[in-house]
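**Student:** Compact mmCIF, C-alpha atoms and all ligand atoms, file model_13.txt:
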```
# COMPACT_ATOMS: atom_id res chain seq x y z
CA MET A 20 159.68 27.63 40.93
CA THR A 21 159.97 31.10 39.37
CA GLN A 22 160.04 34.15 41.61
CA PHE A 23 156.82 36.00 42.40
CA ASP A 24 156.12 38.93 40.08
CA PRO A 25 153.15 41.14 41.09
CA ASP A 26 152.74 42.25 37.45
CA ASP A 27 152.44 38.69 36.25
CA HIS A 28 151.28 36.32 38.96
CA PRO A 29 147.77 36.11 40.42
CA HIS A 30 147.66 37.18 44.04
CA ARG A 31 145.27 38.58 46.62
CA ARG A 32 145.44 41.97 48.31
CA GLN A 33 143.60 43.02 51.45
CA ASN A 34 141.58 46.18 51.89
CA LEU A 35 142.58 47.30 55.38
CA LEU A 36 139.63 49.68 55.57
CA ASN A 37 137.02 46.92 55.43
CA GLY A 38 138.99 43.70 55.84
CA LYS A 39 137.91 42.30 52.46
CA TRP A 40 140.23 40.69 49.92
CA VAL A 41 140.51 41.24 46.17
CA LEU A 42 141.97 38.80 43.64
CA VAL A 43 144.45 40.43 41.22
CA SER A 44 145.05 38.52 37.96
CA PRO A 45 147.50 40.80 36.13
CA HIS A 46 148.50 38.36 33.38
CA ARG A 47 144.97 38.65 31.96
CA ALA A 48 145.50 42.37 31.32
CA LYS A 49 148.29 41.46 28.90
CA ARG A 50 145.83 40.19 26.34
CA PRO A 51 145.87 42.57 23.35
CA TRP A 52 144.41 46.02 23.80
CA GLN A 53 141.52 46.39 21.36
CA GLY A 54 141.35 50.17 21.68
CA GLU A 55 137.61 49.81 21.41
CA THR A 56 135.66 53.07 21.27
CA GLY A 57 131.95 53.39 21.79
CA GLU A 58 129.68 56.35 21.89
CA ALA A 59 131.26 58.76 24.32
CA VAL A 60 129.06 60.84 26.59
CA GLN A 61 129.98 64.49 26.12
CA ALA A 62 129.25 67.08 28.76
CA GLY A 63 128.07 70.51 27.70
CA GLY A 64 124.85 71.80 26.21
CA PRO A 65 122.74 74.69 27.47
CA ALA A 66 123.48 76.28 30.88
CA TYR A 67 119.74 76.32 31.60
CA ASP A 68 117.18 73.63 30.72
CA PRO A 69 113.54 74.65 31.23
CA THR A 70 112.52 70.98 31.68
CA CYS A 71 115.17 70.21 34.36
CA TYR A 72 113.94 69.59 37.93
CA LEU A 73 117.19 70.90 39.35
CA CYS A 74 117.76 74.15 37.41
CA PRO A 75 117.21 77.48 39.27
CA GLY A 76 113.63 78.77 39.25
CA ASN A 77 112.16 75.45 38.02
CA LEU A 78 109.39 73.40 39.59
CA ARG A 79 110.45 70.11 41.17
CA THR A 80 108.41 66.90 41.04
CA GLY A 81 107.40 67.37 44.68
CA GLY A 82 105.74 70.69 43.83
CA ASP A 83 108.33 73.08 45.32
CA ARG A 84 110.04 75.66 43.15
CA ASN A 85 113.83 75.97 43.24
CA PRO A 86 115.03 79.44 44.24
CA ASP A 87 117.23 81.43 41.89
CA TYR A 88 120.31 79.94 43.57
CA ALA A 89 123.87 81.07 42.77
CA GLY A 90 126.30 78.55 44.35
CA ALA A 91 125.61 75.04 45.61
CA PHE A 92 122.00 74.54 46.71
CA ALA A 93 120.62 71.81 49.02
CA PHE A 94 116.99 70.77 49.47
CA ASP A 95 114.98 67.92 51.04
CA ASN A 96 114.69 64.98 48.65
CA ASP A 97 111.12 64.81 47.32
CA PHE A 98 111.37 60.99 47.44
CA PRO A 99 113.42 60.31 50.60
CA ALA A 100 114.56 56.76 51.39
CA LEU A 101 114.57 57.62 55.09
CA MET A 102 112.24 59.72 57.22
CA PRO A 103 112.77 61.11 60.73
CA ASP A 104 109.50 59.93 62.28
CA THR A 105 109.09 56.33 61.08
CA PRO A 106 107.58 53.96 63.71
CA ALA A 107 109.78 51.13 65.00
CA PRO A 108 108.95 47.62 63.76
CA GLN A 109 108.06 44.94 66.32
CA SER A 110 109.83 41.68 65.62
CA ALA A 111 111.23 39.12 68.03
CA ASP A 112 111.79 36.42 65.38
CA PRO A 113 115.51 35.51 65.18
CA VAL A 114 115.10 34.43 61.55
CA PHE A 115 113.27 37.49 60.34
CA ARG A 116 115.37 40.21 61.94
CA MET A 117 114.61 43.86 61.49
CA GLU A 118 115.16 47.14 63.23
CA ALA A 119 114.05 50.74 62.98
CA ALA A 120 115.56 52.97 60.28
CA ARG A 121 115.10 56.70 60.56
CA GLY A 122 116.79 59.55 58.84
CA THR A 123 116.52 62.18 56.21
CA ALA A 124 117.63 62.68 52.60
CA ARG A 125 118.88 65.83 50.90
CA VAL A 126 119.79 66.65 47.32
CA ILE A 127 122.61 69.08 46.48
CA CYS A 128 122.68 70.90 43.17
CA TYR A 129 126.38 71.50 42.61
CA SER A 130 125.91 74.62 40.54
CA PRO A 131 123.14 76.60 38.82
CA ASP A 132 124.82 75.73 35.50
CA HIS A 133 123.03 72.71 34.01
CA SER A 134 125.87 71.97 31.60
CA ARG A 135 128.93 71.73 33.85
CA THR A 136 129.97 68.69 35.83
CA MET A 137 132.75 68.98 38.43
CA PRO A 138 135.67 68.98 35.99
CA GLN A 139 134.25 72.04 34.19
CA MET A 140 133.31 73.97 37.34
CA SER A 141 135.46 76.90 38.54
CA LEU A 142 137.49 76.45 41.73
CA PRO A 143 135.28 78.94 43.67
CA ALA A 144 132.19 77.01 42.50
CA ILE A 145 133.66 73.72 43.75
CA ARG A 146 134.62 75.46 46.99
CA SER A 147 130.98 76.53 47.38
CA LEU A 148 129.98 72.88 47.03
CA ILE A 149 132.55 71.81 49.66
CA ASP A 150 131.20 74.44 52.08
CA CYS A 151 127.68 73.18 51.40
CA TRP A 152 128.77 69.57 52.14
CA ALA A 153 130.40 70.78 55.38
CA ASP A 154 127.39 72.83 56.52
CA GLU A 155 124.96 70.02 55.73
CA SER A 156 127.17 67.44 57.43
CA ALA A 157 127.49 69.56 60.59
CA ALA A 158 123.76 70.29 60.77
CA LEU A 159 122.64 66.69 60.13
CA ALA A 160 125.16 65.27 62.64
CA GLN A 161 123.17 67.10 65.35
CA SER A 162 120.31 64.65 64.83
CA PHE A 163 121.74 61.56 63.10
CA ALA A 164 124.54 59.04 63.75
CA ASN A 165 125.74 58.92 60.16
CA VAL A 166 125.85 61.45 57.36
CA ALA A 167 126.53 59.85 53.97
CA VAL A 168 127.55 62.36 51.28
CA PHE A 169 127.71 60.91 47.78
CA GLU A 170 127.34 61.51 44.07
CA ASN A 171 126.14 59.20 41.32
CA LYS A 172 127.51 60.55 38.06
CA GLY A 173 126.36 59.44 34.64
CA ALA A 174 123.42 57.35 33.50
CA MET A 175 125.62 54.22 33.78
CA MET A 176 125.75 54.78 37.54
CA GLY A 177 122.04 55.41 37.95
CA CYS A 178 122.23 59.18 37.94
CA SER A 179 118.77 60.54 37.16
CA SER A 180 119.61 63.95 35.66
CA PRO A 181 122.54 65.53 33.79
CA HIS A 182 122.29 68.58 36.04
CA PRO A 183 125.36 68.29 38.34
CA HIS A 184 124.13 67.07 41.70
CA GLY A 185 124.76 64.75 44.59
CA GLN A 186 122.89 63.45 47.59
CA ILE A 187 123.10 63.17 51.36
CA TRP A 188 121.41 60.44 53.35
CA ALA A 189 121.59 60.91 57.11
CA SER A 190 120.56 57.98 59.31
CA ASP A 191 120.07 57.14 62.97
CA PHE A 192 122.02 53.92 62.35
CA VAL A 193 125.61 53.47 61.14
CA PRO A 194 125.37 51.74 57.73
CA THR A 195 127.36 48.56 57.00
CA GLU A 196 130.27 50.03 54.99
CA VAL A 197 130.88 52.76 57.57
CA ALA A 198 130.57 50.30 60.46
CA ASP A 199 133.18 48.03 58.79
CA GLU A 200 135.61 50.94 58.38
CA ASP A 201 134.97 52.10 61.94
CA ARG A 202 135.81 48.62 63.26
CA GLU A 203 138.93 48.18 61.12
CA GLN A 204 140.39 51.66 61.77
CA ALA A 205 139.80 51.27 65.52
CA ALA A 206 141.42 47.81 65.47
CA TRP A 207 144.46 49.15 63.61
CA ARG A 208 145.01 51.95 66.13
CA ALA A 209 144.48 49.60 69.07
CA ALA A 210 147.08 47.17 67.68
CA ARG A 211 149.65 49.64 66.27
CA GLY A 212 148.98 53.00 67.89
CA SER A 213 148.83 54.83 64.55
CA VAL A 214 146.07 56.10 62.24
CA LEU A 215 145.59 53.59 59.42
CA LEU A 216 145.06 56.09 56.58
CA ASP A 217 147.93 58.22 57.83
CA GLU A 218 150.20 55.17 57.43
CA VAL A 219 148.70 54.48 54.01
CA ALA A 220 149.31 58.08 52.89
CA THR A 221 152.90 58.10 54.12
CA ARG A 222 153.74 54.88 52.31
CA GLU A 223 151.92 55.81 49.11
CA LEU A 224 153.77 59.14 48.94
CA ALA A 225 157.08 57.36 49.54
CA THR A 226 156.66 54.82 46.72
CA GLY A 227 154.59 57.00 44.36
CA ASP A 228 153.49 53.94 42.36
CA ARG A 229 149.78 54.41 42.94
CA VAL A 230 149.67 58.21 43.31
CA VAL A 231 147.38 60.03 40.87
CA GLU A 232 147.35 63.54 42.37
CA ALA A 233 148.70 65.11 45.54
CA ASN A 234 148.84 68.51 47.22
CA ASP A 235 149.66 69.76 50.73
CA HIS A 236 146.32 68.62 52.15
CA TRP A 237 145.19 65.70 50.00
CA LEU A 238 146.44 62.53 48.39
CA ALA A 239 144.62 60.69 45.59
CA VAL A 240 145.74 57.12 44.93
CA VAL A 241 144.46 54.07 43.13
CA PRO A 242 144.52 52.12 46.39
CA TRP A 243 146.62 48.99 46.85
CA TRP A 244 143.35 47.07 47.27
CA ALA A 245 141.34 48.77 44.48
CA VAL A 246 138.43 46.72 43.17
CA TRP A 247 137.17 48.94 40.34
CA PRO A 248 139.64 49.35 37.44
CA PHE A 249 140.26 53.08 37.98
CA GLU A 250 139.09 53.38 41.57
CA ILE A 251 140.50 56.31 43.54
CA LEU A 252 140.87 56.81 47.27
CA LEU A 253 141.14 60.49 48.22
CA ILE A 254 142.74 60.81 51.66
CA ALA A 255 142.84 63.93 53.86
CA ARG A 256 146.43 64.58 54.97
CA ASP A 257 145.27 66.78 57.86
CA ASP A 258 144.21 65.03 61.06
CA VAL A 259 140.46 65.39 60.41
CA GLY A 260 137.66 62.87 60.71
CA ARG A 261 134.78 64.88 59.29
CA ILE A 262 134.10 67.23 56.38
CA GLU A 263 133.05 70.13 58.59
CA ALA A 264 136.38 69.90 60.45
CA LEU A 265 138.35 70.82 57.30
CA PRO A 266 140.12 74.17 57.67
CA ASP A 267 139.84 76.78 54.88
CA THR A 268 143.19 75.87 53.36
CA ALA A 269 142.22 72.19 53.12
CA ARG A 270 138.90 73.14 51.51
CA ASP A 271 140.65 75.20 48.82
CA ALA A 272 143.10 72.36 48.25
CA LEU A 273 140.19 69.93 48.03
CA ALA A 274 138.55 72.01 45.27
CA GLN A 275 141.82 71.86 43.34
CA ILE A 276 142.32 68.10 43.69
CA LEU A 277 138.66 67.23 43.01
CA ARG A 278 138.85 69.14 39.73
CA ALA A 279 142.17 67.53 38.81
CA ILE A 280 140.92 64.00 39.56
CA THR A 281 137.70 64.44 37.59
CA ARG A 282 139.60 66.05 34.69
CA ARG A 283 141.91 63.03 34.56
CA TYR A 284 138.88 60.77 34.59
CA ASP A 285 137.24 62.65 31.68
CA ALA A 286 140.53 62.61 29.74
CA LEU A 287 141.05 58.85 30.17
CA PHE A 288 138.44 57.71 27.66
CA GLY A 289 137.41 61.10 26.20
CA THR A 290 134.03 60.94 27.88
CA SER A 291 132.11 62.49 30.74
CA PHE A 292 133.41 59.80 33.11
CA PRO A 293 130.77 58.01 35.20
CA TYR A 294 131.39 57.11 38.81
CA SER A 295 129.84 56.80 42.21
CA MET A 296 131.71 58.93 44.74
CA GLY A 297 131.15 58.77 48.48
CA TRP A 298 132.66 60.41 51.55
CA HIS A 299 133.42 58.36 54.63
CA GLN A 300 133.60 60.24 57.89
CA CYS A 301 133.60 59.38 61.59
CA PRO A 302 130.09 58.37 62.66
CA GLY A 303 128.40 59.11 65.97
CA GLY A 304 129.13 56.35 68.49
CA SER A 305 132.43 55.48 66.77
CA ALA A 306 134.56 52.81 68.49
CA ASP A 307 137.53 55.22 68.27
CA PRO A 308 137.04 58.69 66.72
CA ALA A 309 140.83 59.32 66.90
CA ALA A 310 141.39 56.37 64.55
CA TRP A 311 139.37 58.00 61.77
CA ARG A 312 140.68 59.87 58.78
CA LEU A 313 138.27 61.62 56.41
CA HIS A 314 138.36 60.20 52.88
CA ALA A 315 136.34 59.80 49.69
CA HIS A 316 136.01 56.79 47.40
CA PHE A 317 135.54 57.14 43.65
CA ASN A 318 134.21 53.89 42.19
CA PRO A 319 134.02 54.21 38.39
CA PRO A 320 132.67 51.31 36.31
CA LEU A 321 134.61 51.86 33.05
CA LEU A 322 137.33 49.39 32.13
CA ARG A 323 138.55 49.74 28.57
CA SER A 324 136.70 52.56 26.81
CA ALA A 325 133.84 55.02 27.17
CA THR A 326 131.39 52.13 26.85
CA VAL A 327 133.17 48.96 27.98
CA ARG A 328 132.57 48.57 31.68
CA LYS A 329 133.65 46.17 34.36
CA PHE A 330 130.88 43.85 35.52
CA MET A 331 130.93 42.59 39.08
CA VAL A 332 129.46 39.20 38.21
CA GLY A 333 130.36 35.52 38.44
CA PHE A 334 133.41 35.07 40.67
CA GLU A 335 133.15 38.70 41.85
CA MET A 336 129.52 38.25 42.81
CA PHE A 337 129.74 34.82 44.37
CA ALA A 338 133.30 34.54 45.63
CA GLU A 339 135.52 37.64 45.73
CA SER A 340 136.24 40.87 43.87
CA GLN A 341 138.71 40.43 41.04
CA ARG A 342 140.71 42.73 38.77
CA ASP A 343 143.02 42.25 35.78
CA LEU A 344 144.66 45.66 35.49
CA THR A 345 146.95 46.25 38.45
CA PRO A 346 146.32 49.34 40.58
CA GLU A 347 149.86 50.46 39.67
CA THR A 348 149.09 50.34 35.93
CA ALA A 349 145.78 52.14 36.43
CA ALA A 350 147.50 54.90 38.44
CA ALA A 351 150.27 55.25 35.84
CA ARG A 352 147.70 55.67 33.06
CA LEU A 353 145.75 58.31 35.00
CA ARG A 354 148.98 60.12 35.92
CA ALA A 355 150.25 60.20 32.33
CA LEU A 356 147.22 62.11 30.99
CA GLU A 357 147.68 65.76 30.05
CA ILE A 358 145.15 67.95 31.86
CA GLU A 359 144.74 71.67 32.49
CA ALA A 360 145.68 72.48 36.09
P1 LIG A 401 120.29 60.63 41.64
O1 LIG A 401 120.46 61.27 40.29
O2 LIG A 401 121.60 60.18 42.26
O3 LIG A 401 119.22 59.58 41.63
O4 LIG A 401 119.77 61.78 42.62
C1 LIG A 401 118.65 62.56 42.32
C2 LIG A 401 117.74 62.64 43.53
O5 LIG A 401 116.94 63.79 43.40
C3 LIG A 401 116.82 61.43 43.64
O6 LIG A 401 117.02 60.82 44.91
C4 LIG A 401 115.65 63.51 43.84
C5 LIG A 401 115.42 62.05 43.55
O7 LIG A 401 114.54 61.48 44.48
N1 LIG A 401 114.74 64.42 43.17
C6 LIG A 401 113.93 65.24 43.93
O8 LIG A 401 113.98 65.18 45.16
N2 LIG A 401 113.08 66.12 43.30
C7 LIG A 401 112.96 66.22 41.95
O9 LIG A 401 112.19 67.03 41.46
C8 LIG A 401 113.79 65.39 41.06
C9 LIG A 401 114.71 64.42 41.72
ZN ZN A 402 119.31 71.75 35.16
```
Write the structure described by the file as structure tokens, please.
**Tutor:**
Amino acid sequence: MTQFDPDDHPHRRQNLLNGKWVLVSPHRAKRPWQGETGEAVQAGGPAYDPTCYLCPGNLRTGGDRNPDYAGAFAFDNDFPALMPDTPAPQSADPVFRMEAARGTARVICYSPDHSRTMPQMSLPAIRSLIDCWADESAALAQSFANVAVFENKGAMMGCSSPHPHGQIWASDFVPTEVADEDREQAAWRAARGSVLLDEVATRELATGDRVVEANDHWLAVVPWWAVWPFEILLIARDDVGRIEALPDTARDALAQILRAITRRYDALFGTSFPYSMGWHQCPGGSADPAAWRLHAHFNPPLLRSATVRKFMVGFEMFAESQRDLTPETAAARLRALEIEA
């Protein structure tokens, strides 16, 4: 029997944040690199688009007019998935289970500039977005158990407009992914007495194998358990569980690392890199708020070029997530790119 080699032999890794496993099949990544290039999506174009629903001064589909905003700007989604005053369903059937779902949805324009996505925004402009996230998160937490801050970027990820924007869905229930992470982080602290993501950060910094970017307040890694080819986990190094708890210094450092991460992404395949990004923060009614560490997930679909994406089908859909490229190789490729600081 030959000795186990993580770069060659199929193995499984566990995501300690949600308990799920991923199958890593690294030998498959050794098949020849085709260097395939498709039609890359380039950012840019005019700073103002008179037909855009999100540009300053324009009319939205719901009939409201956007103000002449200067920094980040948040408004109530004209087509919210959740509403605060929905009646509760009545169902006692154990087969057809349902429960009430109430909440609210907001849209955040990242900047008045239609043409710039995060990697092209200035650091003060990204800081304005971070402050907007924090203010929205604090205000919505007054009324709702969970505040989900996220961004769909690029048409490939279902983003509906090139104008840089994200969303917030606040709910009176704790959604599945957050509930899983709440359970697993609480269980880790109960068993080991430490904060799970603090342990992860310490180890990742020590080995460096999966580190993409780091500063005094943040660490960006392709996590040990990454499912998407170039997935990134952005971990707060301060002991904070929520966005609004971030001190000024951590917010400035966050602007810096967000820009660096997204610049690396754009540089990887020479395209405006699509992803879905979401923050995870301690929900109301958490099993153990002290076990939480604020973090963001970047789940990008691209695998080999600006157009060749990873499909979560077949084995991934019916059995378990699977990847060919190891997280270590993905991190090394992202790290090796030349970007402007
Ligand atoms: P996505 O690009 O991630 O779909 O986000 C855009 C959101 O903006 C979407 O939820 C809302 C859509 O409902 N929207 C408005 O609320 N008003 C508009 O005029 C356009 C889009
Ligand atoms: Zn616009």
**Student:** Could you give me, as a tab-separated table, every chain A residue with an atom at most 8 Å from ligand LIG 401 (chain A), plus its closest atom pair and distance in Å to one decimal, counting only C-alpha atoms and all ligand atoms, rows ordered by chain then number?
**Tutor:**
```
residue	atom	partner	partner_atom	distance
A:Tyr72	CA	A:LIG401	O9	4.7
A:Leu73	CA	A:LIG401	O9	6.7
A:Leu78	CA	A:LIG401	O9	7.2
A:Arg79	CA	A:LIG401	O9	3.5
A:Thr80	CA	A:LIG401	O9	3.8
A:Gly81	CA	A:LIG401	O9	5.8
A:Gly82	CA	A:LIG401	O9	7.8
A:Phe94	CA	A:LIG401	O8	7.7
A:Asp95	CA	A:LIG401	O8	6.6
A:Asn96	CA	A:LIG401	O8	3.6
A:Asp97	CA	A:LIG401	O8	3.6
A:Phe98	CA	A:LIG401	O7	4.4
A:Pro99	CA	A:LIG401	O7	6.3
A:Ala124	CA	A:LIG401	O6	7.9
A:Arg125	CA	A:LIG401	O8	7.6
A:Val126	CA	A:LIG401	O5	5.6
A:Glu170	CA	A:LIG401	O2	6.2
A:Asn171	CA	A:LIG401	O2	4.7
A:Lys172	CA	A:LIG401	O2	7.3
A:Gly177	CA	A:LIG401	O3	6.2
A:Cys178	CA	A:LIG401	O1	3.6
A:Ser179	CA	A:LIG401	O1	3.6
A:Ser180	CA	A:LIG401	O1	5.4
A:His184	CA	A:LIG401	O4	6.9
A:Gly185	CA	A:LIG401	O2	6.0
A:Gln186	CA	A:LIG401	O4	6.1
```
**Student:** Just to confirm, what's the straight-line distance from atom CA of A:Asp191 to atom CA of A:Leu36 in Å (one decimal)?
**Tutor:** 22.2 Å
**Student:** Return as a tab-separated table the residues of chain A lying at most 6 Å from ligand ZN 402 (chain A), together with the closest atom-to-atom pair for each and the distance in Å to one decimal, counting only C-alpha atoms and all ligand atoms, with rows in chain order and ascending residue number.
**Tutor:**
```
residue	atom	partner	partner_atom	distance
A:Tyr67	CA	A:ZN402	ZN	5.8
A:Asp68	CA	A:ZN402	ZN	5.3
A:Cys71	CA	A:ZN402	ZN	4.5
A:Leu73	CA	A:ZN402	ZN	4.8
A:Cys74	CA	A:ZN402	ZN	3.6
A:His133	CA	A:ZN402	ZN	4.0
A:His182	CA	A:ZN402	ZN	4.4
```
**Student:** Rank A:Val332, A:Ala245, A:Cys128, A:Leu313 by their smallest atom-to-atom distance to A:Gln33, using all atoms listed in the file, and report the top residue only.
**Tutor:**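 So, comparing all the options, the nearest one is A:Ala245.
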**Student:** Go through A:Ile254, A:Leu322, A:Ala206, A:Ile280 one by one, measure the shortest atom-to-atom distance of each to A:Pro308 using all atoms listed in the file, and give the residue with the smallest value.
**Tutor:**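 Looking only at the distances to A:Pro308, the closest residue turns out to be A:Ala206.
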**Student:** Counting only C-alpha atoms, which residues come within 9 Å of (148.1, 52.3, 43.2), with the point read in the file's coordinates, and could you list them as a ChimeraX atom specification?
**Tutor:** /A:223,227-231,240-245,251,345-351
**Student:** Would you list the contacts of A:Val259 as number ranges by chain, taking every protein, DNA or RNA residue within 10 Å and counting all atoms listed in the file, but skipping same-chain residues closer than 3 positions in sequence?
**Tutor:** A: 255-256, 262-266, 300-301, 308-314
**Student:** Could you turn the residues from that selection into a file that holds C-alpha atoms, as a PDB file, keeping the file's coordinate frame?
**Tutor:**
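The result, stored in part.pdb:
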```pdb
ATOM      1  CA  ALA A 255     142.840  63.930  53.860  1.00  0.00           C
ATOM      2  CA  ARG A 256     146.430  64.580  54.970  1.00  0.00           C
ATOM      3  CA  ILE A 262     134.100  67.230  56.380  1.00  0.00           C
ATOM      4  CA  GLU A 263     133.050  70.130  58.590  1.00  0.00           C
ATOM      5  CA  ALA A 264     136.380  69.900  60.450  1.00  0.00           C
ATOM      6  CA  LEU A 265     138.350  70.820  57.300  1.00  0.00           C
ATOM      7  CA  PRO A 266     140.120  74.170  57.670  1.00  0.00           C
ATOM      8  CA  GLN A 300     133.600  60.240  57.890  1.00  0.00           C
ATOM      9  CA  CYS A 301     133.600  59.380  61.590  1.00  0.00           C
ATOM     10  CA  PRO A 308     137.040  58.690  66.720  1.00  0.00           C
ATOM     11  CA  ALA A 309     140.830  59.320  66.900  1.00  0.00           C
ATOM     12  CA  ALA A 310     141.390  56.370  64.550  1.00  0.00           C
ATOM     13  CA  TRP A 311     139.370  58.000  61.770  1.00  0.00           C
ATOM     14  CA  ARG A 312     140.680  59.870  58.780  1.00  0.00           C
ATOM     15  CA  LEU A 313     138.270  61.620  56.410  1.00  0.00           C
ATOM     16  CA  HIS A 314     138.360  60.200  52.880  1.00  0.00           C
TER      17      HIS A 314
END
```
**Student:** From the options A:Leu273, A:Leu224, A:Gln61, A:Asp217, which residue's atoms come nearest to A:Pro293, counting all atoms listed in the file?
**Tutor:**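 When distances to A:Pro293 are compared using all atoms listed in the file, the smallest one comes from A:Gln61.
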**Student:** Nearest to A:Val327 among A:Gly303, A:Gly260, A:Pro248, A:Pro131, with distances taken over all atoms listed in the file: which residue is it?
**Tutor:**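 Under the stated criterion, the closest residue is A:Pro248.
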**Student:** Could you tell me how far atom CA of A:Pro113 lies from atom CA of A:Leu101, in Å and to one decimal?
**Tutor:**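 Here the two named atoms are 24.3 Å from each other.
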**Student:** Between atom CA of A:Phe292 and atom CA of A:Met331, what is the distance, to one decimal in Å?
**Tutor:**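 It comes out at 18.4 Å.
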**Student:** With stretch 155-167 of chain A as the partner and 6 Å as the cut-off, tabulate the residues of stretch 172-284 of chain A that qualify, each row holding the nearest pair of atoms and their distance in Å to one decimal, using only C-alpha atoms, sorted by chain and rising number, as CSV.
**Tutor:**
```
residue,atom,partner,partner_atom,distance
A:Ile187,CA,A:Ala167,CA,5.4
A:Trp188,CA,A:Ala167,CA,5.2
A:Ala189,CA,A:Val166,CA,4.3
A:Ser190,CA,A:Asn165,CA,5.3
A:Asp191,CA,A:Phe163,CA,4.7
A:Phe192,CA,A:Ala164,CA,5.9
A:Val193,CA,A:Asn165,CA,5.5
A:Glu263,CA,A:Ala157,CA,5.9
```
**Student:** So, with all atoms listed in the file as the atoms that count, which of A:Ala91, A:Ala210, A:Ala225, A:Ala107 lies closest to A:Pro183?
**Tutor:**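 For A:Pro183, the nearest of the given residues is A:Ala91.
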**Student:** Please provide as a PyMOL selection string all residues within 7 Å of stretch 38-49 of chain A, with the sequence filter that same-chain residues fewer than 4 positions apart are discarded (counting only C-alpha atoms).
**Tutor:** chain A and resi 26-34+203+244+246+339-345
**Student:** Skip A:Asp104 itself and residues of its chain fewer than 5 positions away, then list as number ranges by chain all residues within 10 Å of it, counting all atoms listed in the file.
**Tutor:** A: 120-123
**Student:** May I ask which of the residues A:Met296, A:Leu353, A:Met117, A:Met102 is the closest one to A:Glu232, counting all atoms listed in the file?
**Tutor:**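 Closest candidate: A:Leu353.
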**Student:** Could you write out as JSON the box around stretch 251-270 of chain A (axis-aligned, all atoms listed in the file, 4 Å on each side), with centre and edge lengths in Å to one decimal?
**Tutor:**
```
{"center_x": 139.7, "center_y": 66.5, "center_z": 52.3, "size_x": 21.4, "size_y": 28.5, "size_z": 25.5}
```
